[in-house]
Structure formats: structure tokens, C-alpha cells
>>> print(open('protein_6.cif').read())   # mmCIF, C-alpha atoms
data_entry
loop_
_atom_site.label_atom_id
_atom_site.label_comp_id
_atom_site.auth_asym_id
_atom_site.auth_seq_id
_atom_site.Cartn_x
_atom_site.Cartn_y
_atom_site.Cartn_z
CA MET A 222 26.14 -18.77 32.13
CA LEU A 223 25.61 -21.07 29.19
CA ASP A 224 22.72 -22.71 31.01
CA TRP A 225 21.16 -19.32 31.65
CA VAL A 226 21.47 -18.40 27.98
CA ARG A 227 20.02 -21.75 27.00
CA LYS A 228 17.16 -21.34 29.44
CA PHE A 229 16.23 -17.86 28.22
CA ARG A 230 17.22 -18.29 24.60
CA LYS A 231 13.76 -17.52 23.25
CA PRO A 232 13.27 -14.20 25.09
CA LEU A 233 16.89 -13.26 24.37
CA PHE A 234 16.39 -14.03 20.69
CA MET A 235 13.23 -11.93 20.57
CA VAL A 236 14.89 -8.99 22.36
CA ALA A 237 17.81 -9.14 19.92
CA LEU A 238 15.41 -9.27 16.95
CA PHE A 239 13.41 -6.31 18.31
CA LEU A 240 16.58 -4.30 18.81
CA VAL A 241 17.73 -4.97 15.26
CA ALA A 242 14.31 -4.05 13.87
CA LEU A 243 14.11 -0.95 16.07
CA LEU A 244 17.56 0.21 14.99
CA LEU A 245 16.60 -0.40 11.36
CA TYR A 246 13.39 1.59 11.76
CA SER A 247 14.90 4.51 13.64
CA TYR A 248 17.78 4.74 11.15
CA HIS A 249 15.41 4.83 8.20
CA LEU A 250 13.13 7.34 9.90
CA ARG A 251 16.08 9.74 10.00
CA HIS A 252 17.17 8.89 6.45
CA ARG A 253 13.72 8.49 4.96
CA GLU A 254 14.61 9.66 1.49
CA ARG A 255 17.32 7.14 0.86
CA THR A 256 16.71 3.92 -1.01
CA THR A 257 18.74 1.02 0.37
CA LEU A 258 20.35 -1.67 -1.74
CA PHE A 259 17.86 -4.19 -0.35
CA GLU A 260 14.91 -2.04 -1.43
CA LYS A 261 16.43 -1.43 -4.87
CA MET A 262 17.03 -5.14 -5.28
CA VAL A 263 13.51 -6.20 -4.28
CA LEU A 264 11.89 -3.47 -6.38
CA THR A 265 14.02 -4.34 -9.41
CA LEU A 266 13.28 -8.05 -9.08
CA THR A 267 9.54 -7.55 -8.77
CA ALA A 268 9.18 -4.79 -11.38
CA PRO A 269 8.86 -7.22 -14.32
CA MET A 270 6.23 -9.15 -12.35
CA GLN A 271 4.03 -6.08 -11.87
CA GLN A 272 4.51 -4.85 -15.42
CA GLY A 273 3.95 -8.37 -16.74
CA ALA A 274 0.72 -8.62 -14.76
CA ASP A 275 -0.44 -5.35 -16.30
CA TYR A 276 0.37 -6.63 -19.78
CA PHE A 277 -1.37 -9.95 -19.03
CA VAL A 278 -4.59 -8.22 -18.02
CA ASP A 279 -4.56 -6.04 -21.13
CA THR A 280 -4.02 -9.08 -23.34
CA VAL A 281 -6.70 -11.19 -21.64
CA ALA A 282 -9.17 -8.31 -21.72
CA GLY A 283 -8.53 -7.83 -25.44
CA TRP A 284 -8.88 -11.53 -26.10
CA TRP A 285 -12.07 -11.69 -24.04
CA GLN A 286 -13.62 -8.82 -25.96
CA GLY A 287 -12.47 -9.95 -29.36
CA TYR A 288 -13.04 -13.68 -29.20
CA LEU A 289 -14.67 -15.21 -26.15
CA TRP A 290 -17.89 -13.23 -26.37
CA LEU A 291 -18.58 -14.74 -29.73
CA VAL A 292 -18.21 -18.39 -28.69
CA SER A 293 -21.68 -18.67 -27.21
CA ALA A 294 -23.48 -16.84 -30.02
CA SER A 295 -26.02 -18.86 -31.96
CA ARG A 296 -25.24 -19.71 -35.56
CA GLU A 297 -28.20 -17.79 -36.90
CA ASN A 298 -27.32 -14.50 -35.31
CA MET A 299 -23.59 -14.98 -35.42
CA LEU A 300 -22.78 -12.57 -38.21
CA LEU A 301 -25.01 -9.82 -36.92
CA LYS A 302 -23.84 -10.26 -33.36
CA GLU A 303 -20.26 -10.39 -34.46
CA GLU A 304 -20.66 -7.18 -36.37
CA ASN A 305 -22.53 -5.57 -33.53
CA ARG A 306 -20.00 -6.56 -30.91
CA ARG A 307 -17.05 -5.71 -33.08
CA LEU A 308 -18.44 -2.26 -33.59
CA ARG A 309 -19.30 -1.94 -29.95
CA GLY A 310 -15.82 -3.06 -28.98
CA ARG A 311 -14.34 -0.63 -31.48
CA LEU A 312 -16.54 2.11 -30.09
CA GLN A 313 -15.42 1.30 -26.55
CA GLU A 314 -11.83 1.22 -27.71
CA LEU A 315 -12.28 4.60 -29.40
CA GLU A 316 -14.01 5.99 -26.34
CA GLU A 317 -11.15 4.76 -24.18
CA LEU A 318 -8.65 6.24 -26.63
CA LYS A 319 -10.55 9.52 -26.61
CA ILE A 320 -10.48 9.69 -22.84
CA ALA A 321 -6.80 8.71 -22.72
CA ASN A 322 -6.05 11.27 -25.42
CA ARG A 323 -7.86 14.02 -23.51
CA ARG A 324 -6.05 13.08 -20.33
CA LEU A 325 -2.63 12.95 -21.97
CA GLN A 326 -3.29 16.17 -23.86
CA SER A 327 -4.08 18.02 -20.67
CA LEU A 328 -0.99 16.49 -19.08
CA LEU A 329 1.09 17.61 -22.06
CA GLN A 330 -0.31 21.14 -21.98
CA PHE A 331 0.30 21.28 -18.28
CA ARG A 332 3.85 20.02 -18.71
CA ASP A 333 4.55 22.65 -21.36
CA ALA A 334 3.18 25.32 -19.04
CA MET A 335 5.43 24.23 -16.19
CA GLU A 336 8.72 26.03 -15.89
CA LEU A 337 10.48 23.00 -14.43
CA PRO A 338 11.36 20.06 -16.67
CA ALA A 339 8.89 17.27 -16.11
CA LEU A 340 8.77 13.59 -16.85
CA SER A 341 5.50 11.74 -17.35
CA ALA A 342 5.03 8.36 -15.68
CA GLN A 343 2.34 5.75 -15.25
CA VAL A 344 0.99 4.47 -11.96
CA ILE A 345 1.48 0.68 -11.95
CA ALA A 346 0.78 -0.35 -8.36
CA GLU A 347 -0.39 0.84 -4.97
CA ASP A 348 0.88 0.60 -1.41
CA SER A 349 0.75 -2.94 -0.06
CA SER A 350 -0.57 -1.73 3.30
CA SER A 351 -3.98 -0.22 4.03
CA TRP A 352 -2.46 2.19 6.55
CA PHE A 353 -0.22 4.08 4.16
CA ARG A 354 -0.89 6.02 0.99
CA SER A 355 1.70 5.57 -1.74
CA VAL A 356 1.83 4.45 -5.37
CA VAL A 357 4.46 2.89 -7.62
CA ILE A 358 5.30 4.56 -10.94
CA ASN A 359 7.05 3.02 -13.93
CA LYS A 360 10.00 5.43 -14.04
CA GLY A 361 13.12 5.26 -11.90
CA SER A 362 16.72 6.35 -11.53
CA ALA A 363 17.45 5.23 -15.10
CA ASP A 364 15.07 7.99 -16.24
CA GLY A 365 16.66 10.58 -13.96
CA ILE A 366 14.26 10.35 -11.05
CA GLU A 367 15.62 11.06 -7.58
CA GLU A 368 14.22 10.84 -4.06
CA GLY A 369 12.31 13.93 -2.98
CA MET A 370 11.17 15.04 -6.43
CA PRO A 371 7.61 16.44 -6.48
CA VAL A 372 4.91 14.52 -8.35
CA ILE A 373 1.86 16.32 -9.75
CA VAL A 374 -1.11 16.01 -12.12
CA PRO A 375 -2.87 18.89 -13.94
CA GLU A 376 -5.43 19.04 -11.10
CA GLY A 377 -2.84 19.47 -8.36
CA VAL A 378 -0.15 18.03 -6.12
CA VAL A 379 0.11 14.23 -5.84
CA GLY A 380 3.11 13.69 -3.57
CA ARG A 381 6.87 13.24 -3.63
CA VAL A 382 9.22 10.46 -4.64
CA LEU A 383 10.17 8.38 -1.62
CA ARG A 384 12.09 5.40 -3.02
CA VAL A 385 13.85 4.98 -6.34
CA ALA A 386 14.85 1.78 -8.12
CA PRO A 387 16.35 1.74 -11.63
CA TYR A 388 13.02 1.26 -13.42
CA GLN A 389 10.36 2.18 -10.88
CA SER A 390 9.81 4.52 -7.96
CA ARG A 391 7.48 4.80 -5.04
CA VAL A 392 5.62 8.06 -4.48
CA LEU A 393 4.35 9.06 -1.03
CA LEU A 394 0.95 10.69 -1.54
CA ILE A 395 0.03 13.92 0.23
CA THR A 396 -2.90 12.08 1.84
CA ASP A 397 -0.53 9.86 3.86
CA PRO A 398 -0.41 10.95 7.53
CA SER A 399 3.39 11.13 7.40
CA SER A 400 3.24 13.65 4.57
CA ALA A 401 3.37 17.39 5.31
CA LEU A 402 3.82 20.38 3.01
CA ALA A 403 3.83 24.14 3.39
CA ALA A 404 0.70 25.76 1.96
CA LEU A 405 -1.08 29.08 1.36
CA VAL A 406 -4.72 30.06 1.11
CA GLN A 407 -4.81 31.50 -2.39
CA LYS A 408 -7.09 34.49 -1.73
CA ASN A 409 -5.47 35.94 1.40
CA ARG A 410 -2.05 34.21 1.49
CA ALA A 411 -2.64 32.80 4.97
CA ARG A 412 0.03 30.23 5.71
CA GLY A 413 -0.25 26.75 7.13
CA VAL A 414 0.97 23.19 6.93
CA ILE A 415 -1.03 20.60 5.02
CA ARG A 416 -0.98 17.14 6.56
CA GLY A 417 -2.52 13.98 5.13
CA GLN A 418 -5.35 12.23 6.94
CA GLY A 419 -5.86 9.19 4.73
CA GLY A 420 -8.59 10.40 2.39
CA TYR A 421 -8.55 14.13 3.06
CA LEU A 422 -6.11 16.79 4.32
CA ASN A 423 -5.82 19.01 7.36
CA MET A 424 -4.36 22.50 7.28
CA GLU A 425 -2.55 23.10 10.55
CA PHE A 426 -0.97 26.15 12.17
CA THR A 427 -3.20 28.65 10.39
CA LEU A 428 -3.83 31.63 12.67
CA ARG A 429 -7.44 31.79 13.82
CA GLN A 430 -7.86 35.47 12.91
CA LYS A 431 -7.23 34.68 9.22
CA ASP A 432 -10.43 34.68 7.20
CA ILE A 433 -10.78 31.25 5.60
CA GLN A 434 -14.06 30.18 4.02
CA VAL A 435 -15.42 26.92 2.64
CA GLY A 436 -14.48 26.72 -1.05
CA ASP A 437 -11.18 28.60 -0.73
CA LEU A 438 -8.35 27.17 -2.81
CA ILE A 439 -5.18 25.99 -1.08
CA VAL A 440 -1.92 26.13 -3.03
CA THR A 441 1.70 25.22 -2.34
CA SER A 442 3.72 28.02 -0.75
CA GLY A 443 7.01 27.09 -2.37
CA THR A 444 8.83 26.98 0.97
CA GLY A 445 10.33 23.71 2.10
CA GLY A 446 12.24 23.11 -1.10
CA VAL A 447 10.17 20.25 -2.50
CA TYR A 448 7.12 21.67 -4.30
CA PRO A 449 7.17 24.73 -6.59
CA LYS A 450 4.99 27.67 -5.56
CA GLY A 451 1.35 28.01 -6.59
CA ILE A 452 0.36 24.42 -7.41
CA SER A 453 -3.17 23.55 -6.34
CA ILE A 454 -3.47 21.29 -3.31
CA GLY A 455 -7.19 21.27 -2.66
CA GLN A 456 -10.30 23.09 -1.58
CA VAL A 457 -11.48 23.97 1.92
CA VAL A 458 -14.57 22.00 2.96
CA ARG A 459 -14.71 22.75 6.67
CA VAL A 460 -13.38 25.44 8.98
CA GLU A 461 -13.47 25.09 12.75
CA ARG A 462 -12.60 27.95 15.09
CA ARG A 463 -12.71 27.24 18.77
CA SER A 464 -13.19 29.96 21.34
CA TYR A 465 -9.62 29.43 22.53
CA GLY A 466 -6.28 28.62 20.95
CA LEU A 467 -4.03 30.29 18.42
CA PHE A 468 -4.97 28.29 15.36
CA GLN A 469 -8.04 27.20 13.46
CA SER A 470 -8.69 23.74 12.10
CA VAL A 471 -9.19 23.58 8.34
CA THR A 472 -10.24 20.46 6.43
CA VAL A 473 -9.23 20.30 2.78
CA VAL A 474 -10.29 17.93 0.02
CA PRO A 475 -7.38 17.26 -2.38
CA SER A 476 -7.67 18.52 -5.96
CA ALA A 477 -6.11 15.37 -7.40
CA ASP A 478 -8.37 12.34 -7.59
CA PHE A 479 -6.32 9.67 -5.84
CA PHE A 480 -8.80 6.92 -6.69
CA ARG A 481 -8.24 7.45 -10.41
CA LEU A 482 -4.55 8.17 -10.61
CA GLU A 483 -3.18 6.88 -13.91
CA GLU A 484 -0.57 9.23 -15.34
CA VAL A 485 1.51 11.66 -13.31
CA LEU A 486 4.29 14.17 -13.88
CA VAL A 487 7.54 14.06 -11.93
CA LEU A 488 9.12 17.50 -11.69
CA ARG A 489 12.86 17.41 -12.09
CA ARG A 490 15.05 19.86 -10.26
CA SER A 491 17.21 20.80 -13.21
CA GLN A 492 17.43 20.26 -16.94
CA PRO A 493 19.08 16.89 -17.66
CA MET B 129 13.24 -26.77 -0.05
CA LYS B 130 9.68 -27.14 -1.28
CA GLY B 131 8.46 -25.29 1.81
CA ALA B 132 10.83 -22.39 1.06
CA LEU B 133 9.69 -22.30 -2.56
CA LEU B 134 6.07 -22.33 -1.46
CA LEU B 135 6.78 -19.48 0.94
CA LEU B 136 8.49 -17.47 -1.81
CA ALA B 137 5.58 -18.10 -4.15
CA PHE B 138 3.15 -17.00 -1.45
CA VAL B 139 5.13 -13.80 -0.81
CA LEU B 140 5.23 -12.92 -4.52
CA ALA B 141 1.53 -13.68 -4.89
CA ALA B 142 0.73 -11.58 -1.79
CA VAL B 143 2.74 -8.64 -3.16
CA LEU B 144 0.93 -8.89 -6.47
CA VAL B 145 -2.51 -9.18 -4.86
CA GLN B 146 -1.97 -6.32 -2.42
CA THR B 147 -0.22 -3.82 -4.69
CA TRP B 148 -1.80 -4.52 -8.03
CA LEU B 149 -4.66 -7.02 -8.29
CA PHE B 150 -6.82 -5.90 -5.41
CA PRO B 151 -6.67 -2.15 -6.20
CA LEU B 152 -7.63 -3.02 -9.78
CA PHE B 153 -11.09 -4.24 -8.73
CA TRP B 154 -11.54 -2.61 -5.34
CA PRO B 155 -11.78 1.17 -5.32
CA LEU B 156 -11.44 1.62 -1.55
CA PRO B 157 -8.01 2.01 0.08
CA TRP B 158 -8.20 -1.13 2.24
CA LYS B 159 -6.70 -4.39 1.08
CA PRO B 160 -6.15 -7.76 2.77
CA ASP B 161 -2.86 -8.07 4.64
CA LEU B 162 -1.84 -11.55 3.51
CA PHE B 163 1.55 -11.23 5.21
CA LEU B 164 -0.25 -10.81 8.53
CA VAL B 165 -2.30 -13.94 7.84
CA LEU B 166 0.96 -15.79 7.18
CA VAL B 167 2.44 -14.49 10.45
CA VAL B 168 -0.63 -15.80 12.31
CA TYR B 169 -0.26 -19.12 10.54
CA LEU B 170 3.40 -19.28 11.56
CA ALA B 171 2.53 -18.38 15.15
CA PHE B 172 0.08 -21.29 15.16
CA PHE B 173 2.13 -23.96 13.50
CA GLY B 174 5.69 -22.77 12.83
CA ASP B 175 8.93 -23.28 14.71
CA PHE B 176 9.67 -20.42 17.15
CA PHE B 177 13.03 -19.23 15.79
CA ARG B 178 12.25 -19.84 12.15
CA GLY B 179 8.82 -18.23 12.50
CA ALA B 180 10.23 -15.09 14.13
CA LEU B 181 12.91 -14.74 11.45
CA ILE B 182 10.40 -15.30 8.66
CA GLY B 183 8.18 -12.67 10.32
CA PHE B 184 11.11 -10.24 10.31
CA ALA B 185 11.87 -10.99 6.64
CA LEU B 186 8.19 -10.60 5.70
CA GLY B 187 8.17 -7.25 7.49
CA CYS B 188 11.21 -6.09 5.50
CA VAL B 189 9.53 -7.08 2.22
CA MET B 190 6.31 -5.37 3.31
CA ASP B 191 8.30 -2.19 4.05
CA VAL B 192 9.66 -2.16 0.51
CA PHE B 193 6.17 -2.14 -0.98
CA GLY B 194 4.39 -0.12 1.65
CA GLY B 195 4.90 2.37 4.41
CA ASN B 196 7.41 5.16 4.59
CA ALA B 197 10.41 3.73 6.42
CA LEU B 198 12.15 0.39 6.23
CA GLY B 199 11.89 -1.42 9.57
CA LEU B 200 8.36 -0.58 10.69
CA HIS B 201 6.70 -3.83 9.64
CA ALA B 202 9.97 -5.63 10.35
CA LEU B 203 9.37 -4.58 13.95
CA VAL B 204 5.62 -5.16 13.98
CA TYR B 205 5.47 -8.68 12.51
CA PRO B 206 7.95 -10.35 14.91
CA ALA B 207 6.21 -8.51 17.78
CA LEU B 208 2.88 -9.91 16.60
CA PHE B 209 4.39 -13.35 16.24
CA PHE B 210 5.70 -13.18 19.79
CA LEU B 211 2.42 -11.82 21.24
CA LEU B 212 0.38 -14.45 19.40
CA ARG B 213 2.62 -17.23 20.70
CA ILE B 214 1.92 -16.00 24.23
CA LEU B 215 -1.83 -15.76 23.56
CA LEU B 216 -1.91 -19.16 21.88
CA SER B 217 -0.42 -20.87 24.91
CA GLY B 218 -3.79 -20.37 26.62
CA VAL B 219 -6.11 -21.04 23.70
CA ASN B 220 -7.40 -24.22 22.13
CA THR B 221 -5.72 -24.13 18.75
CA GLU B 222 -7.26 -27.22 17.29
CA THR B 223 -10.24 -25.57 15.64
CA LEU B 224 -10.61 -23.53 12.51
CA PHE B 225 -12.46 -20.86 14.48
CA SER B 226 -9.44 -20.19 16.71
CA PHE B 227 -7.33 -19.49 13.60
CA TYR B 228 -9.83 -16.95 12.29
CA TYR B 229 -10.24 -15.50 15.74
CA MET B 230 -6.49 -14.98 16.01
CA VAL B 231 -6.41 -13.31 12.57
CA ALA B 232 -8.97 -10.80 13.86
CA VAL B 233 -6.99 -10.30 17.10
CA ALA B 234 -3.75 -9.90 15.14
CA THR B 235 -5.37 -7.26 12.91
CA CYS B 236 -6.35 -5.19 15.95
CA LEU B 237 -2.89 -5.62 17.49
CA GLU B 238 -1.20 -4.69 14.21
CA VAL B 239 -3.22 -1.50 13.88
CA PHE B 240 -2.45 -0.55 17.47
CA LEU B 241 1.28 -1.23 17.05
CA LEU B 242 1.49 0.62 13.73
CA VAL B 243 -0.30 3.68 15.07
CA PHE B 244 1.70 3.66 18.29
CA LEU B 245 5.09 3.27 16.58
CA ARG B 246 4.32 5.87 13.93
CA PHE B 247 3.18 8.32 16.59
CA PHE B 248 5.90 7.54 19.13
CA PHE B 249 8.90 7.38 16.78
CA GLY B 250 7.66 9.30 13.76
CA GLY B 251 5.54 11.96 15.48
CA GLN B 252 2.75 11.31 12.97
CA LYS B 253 -0.63 12.57 14.11
CA GLY B 254 -4.14 11.89 12.87
CA LEU B 255 -3.62 8.15 12.71
CA TRP B 256 -6.24 7.10 15.26
CA GLY B 257 -9.05 8.41 13.04
CA LEU B 258 -7.68 6.51 10.07
CA ALA B 259 -7.27 3.36 12.18
CA THR B 260 -10.75 3.52 13.70
CA LEU B 261 -12.32 4.04 10.30
CA GLY B 262 -10.38 1.22 8.70
CA LEU B 263 -10.30 -1.39 11.45
CA PHE B 264 -13.60 -3.04 10.60
CA PRO B 265 -13.09 -3.38 6.81
CA GLN B 266 -9.48 -4.38 7.37
CA THR B 267 -10.48 -7.17 9.75
CA GLY B 268 -13.08 -8.40 7.28
CA LEU B 269 -10.58 -8.41 4.41
CA ASN B 270 -7.95 -10.18 6.50
CA LEU B 271 -10.49 -12.84 7.44
CA LEU B 272 -11.32 -13.25 3.77
CA GLY B 273 -7.58 -13.60 3.06
CA ALA B 274 -7.29 -16.19 5.84
CA PHE B 275 -10.27 -18.12 4.46
CA LEU B 276 -8.76 -18.19 0.97
CA MET B 277 -5.38 -19.22 2.36
CA VAL B 278 -6.97 -22.14 4.18
CA ARG B 279 -8.77 -23.16 0.99
CA LEU B 280 -5.49 -22.96 -0.93
CA LEU B 281 -3.74 -25.08 1.70
CA ARG B 282 -6.46 -27.65 1.39
CA VAL B 283 -6.05 -27.80 -2.37
CA LEU B 284 -2.26 -28.09 -2.03
CA ARG B 285 -2.54 -30.81 0.57
CA ARG B 286 -4.77 -32.83 -1.70
CA GLY B 287 -2.11 -32.66 -4.41
CA SER B 288 0.47 -35.38 -4.00
CA GLY B 289 3.77 -33.48 -4.40
CA TRP B 290 3.39 -30.87 -1.70
CA ARG B 291 1.77 -32.95 1.01
CA ALA B 292 4.89 -33.97 2.92
CA ASP B 293 6.76 -30.67 2.87
CA LEU B 294 3.96 -28.27 3.59
CA PRO B 295 4.54 -26.45 6.85
CA GLY B 296 1.83 -26.50 9.45
CA PRO B 297 -0.81 -28.82 10.80
CA ARG B 298 -2.67 -31.69 9.25
CA VAL B 299 -5.23 -29.22 7.96
CA ASP B 300 -7.85 -31.80 7.02
CA GLU B 301 -7.63 -33.48 10.41
CA LEU B 302 -8.28 -30.17 12.16
CA GLY B 303 -11.43 -29.53 10.20
CA PHE B 304 -9.80 -27.09 7.81
#
>>> encode(input="protein_6.cif", output="C-alpha cells")
Amino acid sequence: MLDWVRKFRKPLFMVALFLVALLLYSYHLRHRERTTLFEKMVLTLTAPMQQGADYFVDTVAGWWQGYLWLVSASRENMLLKEENRRLRGRLQELEELKIANRRLQSLLQFRDAMELPALSAQVIAEDSSSWFRSVVINKGSADGIEEGMPVIVPEGVVGRVLRVAPYQSRVLLITDPSSALAALVQKNRARGVIRGQGGYLNMEFTLRQKDIQVGDLIVTSGTGGVYPKGISIGQVVRVERRSYGLFQSVTVVPSADFFRLEEVLVLRRSQP
Amino acid sequence: MKGALLLLAFVLAAVLVQTWLFPLFWPLPWKPDLFLVLVVYLAFFGDFFRGALIGFALGCVMDVFGGNALGLHALVYPALFFLLRILLSGVNTETLFSFYYMVAVATCLEVFLLVFLRFFFGGQKGLWGLATLGLFPQTGLNLLGAFLMVRLLRVLRRGSGWRADLPGPRVDELGF
């Protein structure tokens, strides 16, 4: 027996490892919205690294703009160039501030208009894999964030909180193929399920006799218990009706710009 | 000890590159999978048991920073390690080309395994389109990651302190 085990120890080891990994995966598929101690620990340990990296880039960029540009300037033109660059830098800074101000103002107005209490957060990192769509935000359980909370921007739905660590959380975007949410066509209230396709969305289970046109707005239906009703999801860009089948295929482009996601709002379920 | 520290440093650097640095300069959703490159490296030069366990641990870390359920990459990376070990038994591994070739093969296998597992266990549809669209850029980025890793190894091997404890082959002798 011992000889047999010794002889096949490599395949046996691999089978055991696969079984452990498979059990781990299937358990977490059923309890997707639960952050394990391991995940909390890793996220907490690496949070300062990601935030530190952000700070480092800001500092280096500031230093680069303020000092390094001037090193190579000739003596003759130094004063003029310095003045010029300083003003240009200031102008860029002001422009950046203006844009940030506009963005935050719209976020603030939107937050005030929302009936649910909301918490603003900053996107600090993205998913480490190319095959999933999620982002990391700089707010966590210490700020009252819980798994399953909806995340939005003034333009529309972003996703829902998937994992929570004390000072950061991971948000599953609606463009991820594992993400699905109940939706309505705004003009005729036709129902369907929005599913992520990576860069765009598909509206499934919409009856083929429902009149859906390119340009129609898709909003959340409020059913499912995650997203409040009436938040914009996206706009229809393609409708395909086959000669058979119950449903039509609707392609939707999300309202939120996922390539330029900077600040988001996390909707809390109740007043803290 | 130095090998473990180097591995930890590589993992932290990979997390930082994949979640933060690369998206900062690269607007598209694809990013190099440096963990996969490390798994290929381990399949080439690592010990069987240690390599499989490191693959499993790398998968768990990857699942914390990506994906939607803990265990998916923890299943995929050891499977890749095992498959690559089988493939490598019939391939000449003493050239740099074979390393890059295996990185490309591992990328294709990873995509297939991820799509299959997500569809089979998670019931997630629409993944084949995403995979087909992303396979080519993903392979290119992984090859770039592999190239940079080889360059880094070369630099580390030239430094005196790390030479003896670095895992893997005599990179310079193999034409790395």
C-alpha cells in the first residue's frame, strides 16, 4: 500500500489539490457575497501599498512639473521659461481642479437627489485579471460598506460591492459576465435581465413582441433587492429579432464610462 | 529564505502592476498576467510539489484581487502547472523560445479553463466572445511580461547576493 502511494504520489497530490481548490471554488460560488478572513487579510495588508503608490505618483508628477522641467532650461531664457511653465502648470492645475470640481459637484447634487443615503468613494485599483471586470474603492467596512450594496455614478449604475475589507472594497461592475440585474425599457416598461459582456451589455428575456428601438433608455427595475428603481443602465444600440423564439436580443451600451471611473457613490441600505 | 522573499516581492510587484500601474497608462481592459508567467516558470524549473503549492497560493492571491469567487484561479493555476509539466516532458526546454512558446500555450489553456469553469460551475454565458476578442492581446501582453521577467532575472543573477538562491535554471547558460 505504502509503495503504491509512493509510486503514485504525484498524481495523488494533484488530485487532492484539485479537490481542495474545487471545493473552495464551489463553496465561494454559493456564498459569493461573503468576504473571507483570508481575503480581508490580504486586502488590508496591500491597501497601504496601493494607496502609497497613488500618493507616490502624485508626488513625483508634482515634482516633475515643478522642478525637473526647469533643469534643462538655458540660463538666458530661464526666467521667462520658468514663468511660462509655472503659469502653464498653474493653468493645468486649475483646469484639473475645475474638472474635478465639476465632477464632484455633479456627484454631490446627485447624492442629494438620491433618497437613499450614499457614501462617495474613489476608485484606486482595477481587477488583476483581464477576464473579469471589477474595481477597488477606498472605502470599506469601517465606513459602513457591506457586501451587495449598489454602486452608482451620476450617469448610471456601476455595479455592486462584492468584497469588503476594513478600508477598501471590491466592486463587481455590471459589464462583468457574471453580473446580472433586472431592468426595464424606460418608454414602454418592457422587462428583461441585463447581463455584462465585457465592454457592453445584453438585455435578455425581453419578449419579442415588445417594441424596442435603438436609442431607448434602459433603467433598473428595482426588483432583485440590490439596485433602486429607475437608475439609468444604458442605451440600446442594437435590436435583433429572429423569425422564431420567444425573446429578442438587445445590445446596450452602459451609461457609465467604465474607462474613466474615478469617483463613485455607494448606496447604503439604511441611515447609519 | 531569499528565494521566498524574492517570490513575495514578485507577487506584490505583480499585484501592483496588474491592479494599479498598468491600468494607469493602458486604457484597454487587458493586462499582463504575471502570475501565469510565474506558473510557467515554475513548471519549467521548479520542484513538482513546491511548484504546485505555490501555484495554488498564487491562485488564491489572484482571486482576492480579481474574479468573482475565491478558488477559481486557485484551481486553474495548479491545473496549468500540471498540464505544462506533462507538455514539457516532450519538449526541448533548453531554449528561450520554448519558454515563450509555453507562455503563449499557457495563456490559451488558461482562457479555455477559465471560460469552461465559469460556464460549467457558474452558469456564466457570453464568455467565449470576450475570450476570443481578448486572446490575442492577452497573449502579447503575457509574452511582454515573460520577456521583462527574463530580463529582471538576468539583472538579479548578475548581482552577487541573489545568485545562489535564485530558483530556476542557469539563465545565462541557457541563452536567457
>>> interface_residues(input="protein_6.cif", of="chain A", to="chain B", cutoff="6 Å", atoms="only C-alpha atoms", output="ChimeraX atom specification")
/A:242,245-246,249-250,253,260,346-351,353,399
>>> resolve_selection(input="protein_6.cif", expression="the PyMOL selection byres ((chain A and resi 389) around 6)", output="MDAnalysis selection string")
chainID A and resid 358:361 386 388 390
>>> residues_around(input="protein_6.cif", residues="Val474 in chain A", least_positions_apart="6", cutoff="9 Å", atoms="only C-alpha atoms", output="VMD selection string")
chain A and resid 420 to 423 454 to 458
>>> atom_distance(input="protein_6.cif", atom1="CA of Pro398 in chain A", atom2="CA of Gly417 in chain A")
4.4 Å
>>> residues_near_point(input="protein_6.cif", point="(7.3, -15.0, 20.2)", cutoff="12 Å", atoms="all atoms listed in the file", output="count of residues only")
39
>>> atom_distance(input="protein_6.cif", atom1="CA of Arg481 in chain A", atom2="CA of Leu394 in chain A")
13.2 Å
>>> resolve_selection(input="protein_6.cif", expression="the PyMOL selection byres ((chain B and resi 226-229) around 8)", output="list in words")
Val168, Tyr169, Phe172, Val219, Asn220, Thr221, Glu222, Thr223, Leu224, Phe225, Met230, Val231, Ala232, Val233, Leu271, Ala274 and Phe275 of chain B
>>> residues_around(input="protein_6.cif", residues="Glu483 in chain A", least_positions_apart="3", cutoff="9 Å", atoms="only C-alpha atoms", output="PyMOL selection string")
chain A and resi 342-345
>>> residues_around(input="protein_6.cif", residues="Arg429 in chain A", least_positions_apart="6", cutoff="8 Å", atoms="all atoms listed in the file", output="list in words")
Arg462, Gly466, Leu467, Phe468 and Gln469 of chain A
>>> write_last_selection(input="protein_6.cif", atoms="C-alpha atoms", output="PDB file, in the coordinates of the input")
ATOM      1  CA  ARG A 462     -12.600  27.950  15.090  1.00  0.00           C
ATOM      2  CA  GLY A 466      -6.280  28.620  20.950  1.00  0.00           C
ATOM      3  CA  LEU A 467      -4.030  30.290  18.420  1.00  0.00           C
ATOM      4  CA  PHE A 468      -4.970  28.290  15.360  1.00  0.00           C
ATOM      5  CA  GLN A 469      -8.040  27.200  13.460  1.00  0.00           C
TER       6      GLN A 469
END
>>> closest_residue(input="protein_6.cif", among="A:Glu425, A:Glu484, A:Asp432, A:Glu316", to="Ser470 in chain A", atoms="only C-alpha atoms")
A:Glu425
>>> closest_residue(input="protein_6.cif", among="A:Gln271, A:Val487, A:Val241, A:Arg311", to="Glu367 in chain A", atoms="all atoms listed in the file")
A:Val487
>>> atom_distance(input="protein_6.cif", atom1="CA of Ala401 in chain A", atom2="CA of Met424 in chain A")
9.5 Å
>>> residues_near_point(input="protein_6.cif", point="(-7.0, -4.0, -23.3)", cutoff="12 Å", atoms="only C-alpha atoms", output="ChimeraX atom specification")
/A:275-287,310-311,313-315,317-318
